[in-house]
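A.B. asks: Can you keep this structure in mind? I'll have questions shortly.
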Amino acid sequence: QIGANTYNANRLEITDIGSRAAEGIGNIVEGNYRIQSIESNFLINITPRLKNEDFSIKAIIGHNVNQRTYRESEVNGKGIIAPGIYTLANTKDKTINATNSSIRRLWGTFADLTLGYRNYLYLNLTGRNDWSSTLPKENRSYFYPSASASFVFSDALNIQGDVFSYGKIRAAWAKVGRDADPYYLQDTYVVGDPFLGQALASASVSAANATLKPEFTTEYEFGANLEFFKRRFGFDVTYFDKRSTNQIAPIDVPASTGYETAYANFGSISNKGWEIEVHGTPVSTRNFNWE
């Protein structure tokens with residue numbers, strides 16, 4: 001499966017001669033923008049038939065490529081020469097407001113395995129390894145797995161009735177990796193407008209970091225789903241504990257360093273709590289149903 005999503009925008013902003021804006025001499029801004037995302041997925045699905053029908057196996061092996069490209073150019077023309085002709089060539093002074101481009105690519109391989117027993121006990125294992133173009137060579141490869149299990153104890157123990165209809169408990173653990181935005185690894189200079197015919201360039205206000213590592217988020221989750229009265233009333237309760245580490249973001253640094261901020265892996269964020277969902281069907285007839 002291969003797909004592409006491309007967005008192009010060409011904008012022309014005109015402030016005509018005689019306007020109270022642009023000092024009355026007119027102004028033209030021309031901008032061109034292009035955003036493209038290319039995605040490729042290769043999947044192999046494996047569902048073998050087992051001699052023992054109590055067990056089931058489903059496996060997925062895959063490869064993923066994602067590439068994102070961004071281009072932007074914007075030119076400002078000040079002072080319209082001939083009225084009624086709205087092109088940059090018909091302006092006295094031209095300034096480049098912006099000219100930016102970026103490209104990033106992510107390669108990934110992954111596997112997903114689901115084991116089932118009698119349709120009431122399931123175990124799911126996944127693993128993925130990514131290679132990112134936005135991280136340094138020694139850190140651009142990173143692996144993250146997950147594991148989850150669920151047990152429909154109402155089916156396994158055959159305890160359904162008029163009052164209790166369905167019961168399932170579940171547990172999961174997952175780790176997810178994330179790369180950086182493009183061009184955080186090397187310090188670069190920003191080329192500015194010439195001053196009195198002299199070319200200018202200045203250092204970025206944010207310091208790069210050639211040793212960035214990928215971010216990771218790890219989460220534990222435990223939950224239960226219980227249904228009553230022929231599944232007309234039930235609730236789903238979940239406890240989760242999520243922690244993010246090695247976050248990539250600019251942090252403030254002393255101005256004596258020559259920078260205002262510096263990109264780094266820093267800190268951790270913890271997010272934990274309970275989620276409870278209650279649902280029911282108070283009215284259920286042949287012609288009307290209210291959930």
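Labeling convention for the structure tokens: chains A, B, ... as they appear, residues from 1 per chain, ligands from 1 in order of appearance.
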Which parts of region 148-181 of chain A does DSSP call strand (DSSP E or B) when run on the backbone here, written out as an NGL selection string?

C.D. replies: :A and (148-151 or 164-178)

A.B. asks: Could you name the residues that touch Asp54 (chain A) at 12 Å or less, counting only C-alpha atoms, but leaving out those on the same chain fewer than 6 positions away, as a PyMOL selection string?

C.D. replies: chain A and resi 115-122

A.B. asks: Let's have the selection written as a PDB file, in the first residue's frame, with all heavy atoms.

C.D. replies:
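Writing the result to result_33.pdb gives the following:
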```pdb
ATOM      1  N   LEU A 115      -2.269 -14.571  20.108  1.00  0.00           N
ATOM      2  CA  LEU A 115      -2.558 -15.962  20.437  1.00  0.00           C
ATOM      3  C   LEU A 115      -3.896 -16.023  21.161  1.00  0.00           C
ATOM      4  O   LEU A 115      -4.141 -15.241  22.087  1.00  0.00           O
ATOM      5  CB  LEU A 115      -1.458 -16.548  21.321  1.00  0.00           C
ATOM      6  CG  LEU A 115      -0.022 -16.451  20.793  1.00  0.00           C
ATOM      7  CD1 LEU A 115       0.964 -16.963  21.841  1.00  0.00           C
ATOM      8  CD2 LEU A 115       0.128 -17.229  19.503  1.00  0.00           C
ATOM      9  N   GLY A 116      -4.747 -16.942  20.756  1.00  0.00           N
ATOM     10  CA  GLY A 116      -6.053 -17.069  21.373  1.00  0.00           C
ATOM     11  C   GLY A 116      -6.318 -18.494  21.840  1.00  0.00           C
ATOM     12  O   GLY A 116      -5.820 -19.468  21.253  1.00  0.00           O
ATOM     13  N   TYR A 117      -7.120 -18.618  22.894  1.00  0.00           N
ATOM     14  CA  TYR A 117      -7.501 -19.929  23.404  1.00  0.00           C
ATOM     15  C   TYR A 117      -8.994 -19.929  23.690  1.00  0.00           C
ATOM     16  O   TYR A 117      -9.481 -19.168  24.537  1.00  0.00           O
ATOM     17  CB  TYR A 117      -6.719 -20.274  24.679  1.00  0.00           C
ATOM     18  CG  TYR A 117      -7.102 -21.590  25.299  1.00  0.00           C
ATOM     19  CD1 TYR A 117      -6.762 -22.796  24.691  1.00  0.00           C
ATOM     20  CD2 TYR A 117      -7.819 -21.630  26.502  1.00  0.00           C
ATOM     21  CE1 TYR A 117      -7.120 -24.005  25.258  1.00  0.00           C
ATOM     22  CE2 TYR A 117      -8.177 -22.843  27.084  1.00  0.00           C
ATOM     23  CZ  TYR A 117      -7.827 -24.030  26.448  1.00  0.00           C
ATOM     24  OH  TYR A 117      -8.194 -25.233  27.010  1.00  0.00           O
ATOM     25  N   ARG A 118      -9.729 -20.725  22.910  1.00  0.00           N
ATOM     26  CA  ARG A 118     -11.168 -20.927  23.073  1.00  0.00           C
ATOM     27  C   ARG A 118     -11.971 -19.625  23.086  1.00  0.00           C
ATOM     28  O   ARG A 118     -13.005 -19.532  23.745  1.00  0.00           O
ATOM     29  CB  ARG A 118     -11.444 -21.726  24.348  1.00  0.00           C
ATOM     30  CG  ARG A 118     -11.011 -23.172  24.261  1.00  0.00           C
ATOM     31  CD  ARG A 118     -11.557 -23.984  25.430  1.00  0.00           C
ATOM     32  NE  ARG A 118     -11.260 -25.405  25.276  1.00  0.00           N
ATOM     33  CZ  ARG A 118     -11.669 -26.346  26.117  1.00  0.00           C
ATOM     34  NH1 ARG A 118     -12.399 -26.011  27.183  1.00  0.00           N
ATOM     35  NH2 ARG A 118     -11.354 -27.596  25.920  1.00  0.00           N
ATOM     36  N   ASN A 119     -11.492 -18.635  22.416  1.00  0.00           N
ATOM     37  CA  ASN A 119     -12.195 -17.352  22.262  1.00  0.00           C
ATOM     38  C   ASN A 119     -12.454 -16.629  23.577  1.00  0.00           C
ATOM     39  O   ASN A 119     -13.307 -15.725  23.629  1.00  0.00           O
ATOM     40  CB  ASN A 119     -13.541 -17.552  21.536  1.00  0.00           C
ATOM     41  CG  ASN A 119     -13.351 -17.995  20.106  1.00  0.00           C
ATOM     42  OD1 ASN A 119     -12.406 -17.571  19.437  1.00  0.00           O
ATOM     43  ND2 ASN A 119     -14.239 -18.859  19.628  1.00  0.00           N
ATOM     44  N   TYR A 120     -11.720 -17.000  24.636  1.00  0.00           N
ATOM     45  CA  TYR A 120     -11.894 -16.241  25.878  1.00  0.00           C
ATOM     46  C   TYR A 120     -10.570 -15.827  26.527  1.00  0.00           C
ATOM     47  O   TYR A 120     -10.559 -15.066  27.486  1.00  0.00           O
ATOM     48  CB  TYR A 120     -12.766 -16.996  26.885  1.00  0.00           C
ATOM     49  CG  TYR A 120     -12.270 -18.334  27.353  1.00  0.00           C
ATOM     50  CD1 TYR A 120     -11.138 -18.449  28.170  1.00  0.00           C
ATOM     51  CD2 TYR A 120     -12.952 -19.508  27.008  1.00  0.00           C
ATOM     52  CE1 TYR A 120     -10.691 -19.681  28.618  1.00  0.00           C
ATOM     53  CE2 TYR A 120     -12.511 -20.744  27.447  1.00  0.00           C
ATOM     54  CZ  TYR A 120     -11.380 -20.828  28.252  1.00  0.00           C
ATOM     55  OH  TYR A 120     -10.935 -22.046  28.689  1.00  0.00           O
ATOM     56  N   LEU A 121      -9.454 -16.314  26.013  1.00  0.00           N
ATOM     57  CA  LEU A 121      -8.154 -15.933  26.546  1.00  0.00           C
ATOM     58  C   LEU A 121      -7.249 -15.523  25.385  1.00  0.00           C
ATOM     59  O   LEU A 121      -7.070 -16.290  24.433  1.00  0.00           O
ATOM     60  CB  LEU A 121      -7.531 -17.100  27.316  1.00  0.00           C
ATOM     61  CG  LEU A 121      -6.169 -16.834  27.963  1.00  0.00           C
ATOM     62  CD1 LEU A 121      -6.282 -15.723  29.006  1.00  0.00           C
ATOM     63  CD2 LEU A 121      -5.607 -18.106  28.579  1.00  0.00           C
ATOM     64  N   TYR A 122      -6.720 -14.296  25.468  1.00  0.00           N
ATOM     65  CA  TYR A 122      -5.921 -13.762  24.370  1.00  0.00           C
ATOM     66  C   TYR A 122      -4.630 -13.151  24.904  1.00  0.00           C
ATOM     67  O   TYR A 122      -4.610 -12.544  25.986  1.00  0.00           O
ATOM     68  CB  TYR A 122      -6.686 -12.683  23.601  1.00  0.00           C
ATOM     69  CG  TYR A 122      -7.884 -13.209  22.843  1.00  0.00           C
ATOM     70  CD1 TYR A 122      -9.158 -13.171  23.419  1.00  0.00           C
ATOM     71  CD2 TYR A 122      -7.754 -13.743  21.565  1.00  0.00           C
ATOM     72  CE1 TYR A 122     -10.263 -13.653  22.739  1.00  0.00           C
ATOM     73  CE2 TYR A 122      -8.852 -14.231  20.875  1.00  0.00           C
ATOM     74  CZ  TYR A 122     -10.096 -14.182  21.460  1.00  0.00           C
ATOM     75  OH  TYR A 122     -11.184 -14.650  20.785  1.00  0.00           O
TER      76      TYR A 122
END
```

A.B. asks: What lies within 10 Å of Ile61 (chain A) using only C-alpha atoms, ignoring chain neighbours under 3 positions off, as a list in words?

C.D. replies: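 Answer for this query is Phe42, Leu43, Ile44, Asn45, Ile46, Thr109, Phe110, Ala111, Asp112, Leu113, Thr126, Gly127 and Arg128 of chain A.
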
A.B. asks: Go ahead and save the picked residues with N, CA, C and O atoms, as an mmCIF file, in the first residue's frame.

C.D. replies:
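After the write, part.cif holds the following:
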```
data_model
loop_
_atom_site.group_PDB
_atom_site.id
_atom_site.type_symbol
_atom_site.label_atom_id
_atom_site.label_comp_id
_atom_site.auth_asym_id
_atom_site.auth_seq_id
_atom_site.Cartn_x
_atom_site.Cartn_y
_atom_site.Cartn_z
ATOM 1 N N PHE A 42 4.049 -2.294 3.806
ATOM 2 C CA PHE A 42 4.104 -3.657 3.262
ATOM 3 C C PHE A 42 3.748 -4.616 4.391
ATOM 4 O O PHE A 42 4.416 -4.633 5.434
ATOM 5 N N LEU A 43 2.683 -5.389 4.212
ATOM 6 C CA LEU A 43 2.174 -6.248 5.284
ATOM 7 C C LEU A 43 2.075 -7.689 4.810
ATOM 8 O O LEU A 43 1.646 -7.957 3.678
ATOM 9 N N ILE A 44 2.467 -8.614 5.680
ATOM 10 C CA ILE A 44 2.233 -10.041 5.483
ATOM 11 C C ILE A 44 1.364 -10.521 6.639
ATOM 12 O O ILE A 44 1.754 -10.409 7.804
ATOM 13 N N ASN A 45 0.173 -11.026 6.325
ATOM 14 C CA ASN A 45 -0.739 -11.555 7.336
ATOM 15 C C ASN A 45 -0.657 -13.082 7.344
ATOM 16 O O ASN A 45 -0.789 -13.728 6.289
ATOM 17 N N ILE A 46 -0.460 -13.661 8.515
ATOM 18 C CA ILE A 46 -0.330 -15.105 8.654
ATOM 19 C C ILE A 46 -1.397 -15.603 9.626
ATOM 20 O O ILE A 46 -1.419 -15.205 10.793
ATOM 21 N N THR A 109 10.284 -1.426 10.798
ATOM 22 C CA THR A 109 9.860 -2.811 10.631
ATOM 23 C C THR A 109 9.139 -3.224 11.906
ATOM 24 O O THR A 109 9.505 -2.791 13.002
ATOM 25 N N PHE A 110 8.109 -4.052 11.774
ATOM 26 C CA PHE A 110 7.312 -4.379 12.945
ATOM 27 C C PHE A 110 6.704 -5.773 12.808
ATOM 28 O O PHE A 110 6.621 -6.345 11.712
ATOM 29 N N ALA A 111 6.278 -6.301 13.956
ATOM 30 C CA ALA A 111 5.602 -7.593 13.999
ATOM 31 C C ALA A 111 4.518 -7.547 15.056
ATOM 32 O O ALA A 111 4.657 -6.867 16.081
ATOM 33 N N ASP A 112 3.431 -8.268 14.796
ATOM 34 C CA ASP A 112 2.281 -8.301 15.694
ATOM 35 C C ASP A 112 1.803 -9.746 15.774
ATOM 36 O O ASP A 112 1.465 -10.347 14.755
ATOM 37 N N LEU A 113 1.778 -10.306 16.986
ATOM 38 C CA LEU A 113 1.379 -11.694 17.177
ATOM 39 C C LEU A 113 0.248 -11.769 18.183
ATOM 40 O O LEU A 113 0.354 -11.235 19.292
ATOM 41 N N THR A 126 3.683 -7.236 20.422
ATOM 42 C CA THR A 126 4.110 -6.450 19.265
ATOM 43 C C THR A 126 5.534 -5.960 19.487
ATOM 44 O O THR A 126 6.014 -5.860 20.625
ATOM 45 N N GLY A 127 6.186 -5.632 18.404
ATOM 46 C CA GLY A 127 7.512 -5.039 18.460
ATOM 47 C C GLY A 127 7.769 -4.244 17.191
ATOM 48 O O GLY A 127 7.339 -4.638 16.098
ATOM 49 N N ARG A 128 8.436 -3.112 17.344
ATOM 50 C CA ARG A 128 8.738 -2.269 16.180
ATOM 51 C C ARG A 128 10.118 -1.641 16.365
ATOM 52 O O ARG A 128 10.484 -1.230 17.469
#
```

A.B. asks: Which residues are near Asn97 (chain A)? Cut-off 8 Å, only C-alpha atoms, ignore same chain within fewer than 6 positions. Put them as a VMD selection string.

C.D. replies: chain A and resid 73 to 76

A.B. asks: Considering only C-alpha atoms, state which residue in the set A:Ala98, A:Gly161, A:Thr245, A:Ala264 is at the smallest distance from Val190 (chain A).

C.D. replies: A:Ala98

A.B. asks: Find the residue from A:Asp181, A:Asp252, A:Glu275, A:Glu13 that sits nearest to Ala224 (chain A); use only C-alpha atoms when measuring.

C.D. replies: A:Glu275

A.B. asks: Could you tell me how far CA of Tyr144 (chain A) sits from CA of Ala59 (chain A), in Å to one decimal place?

C.D. replies: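 It comes out at 17.5 Å.
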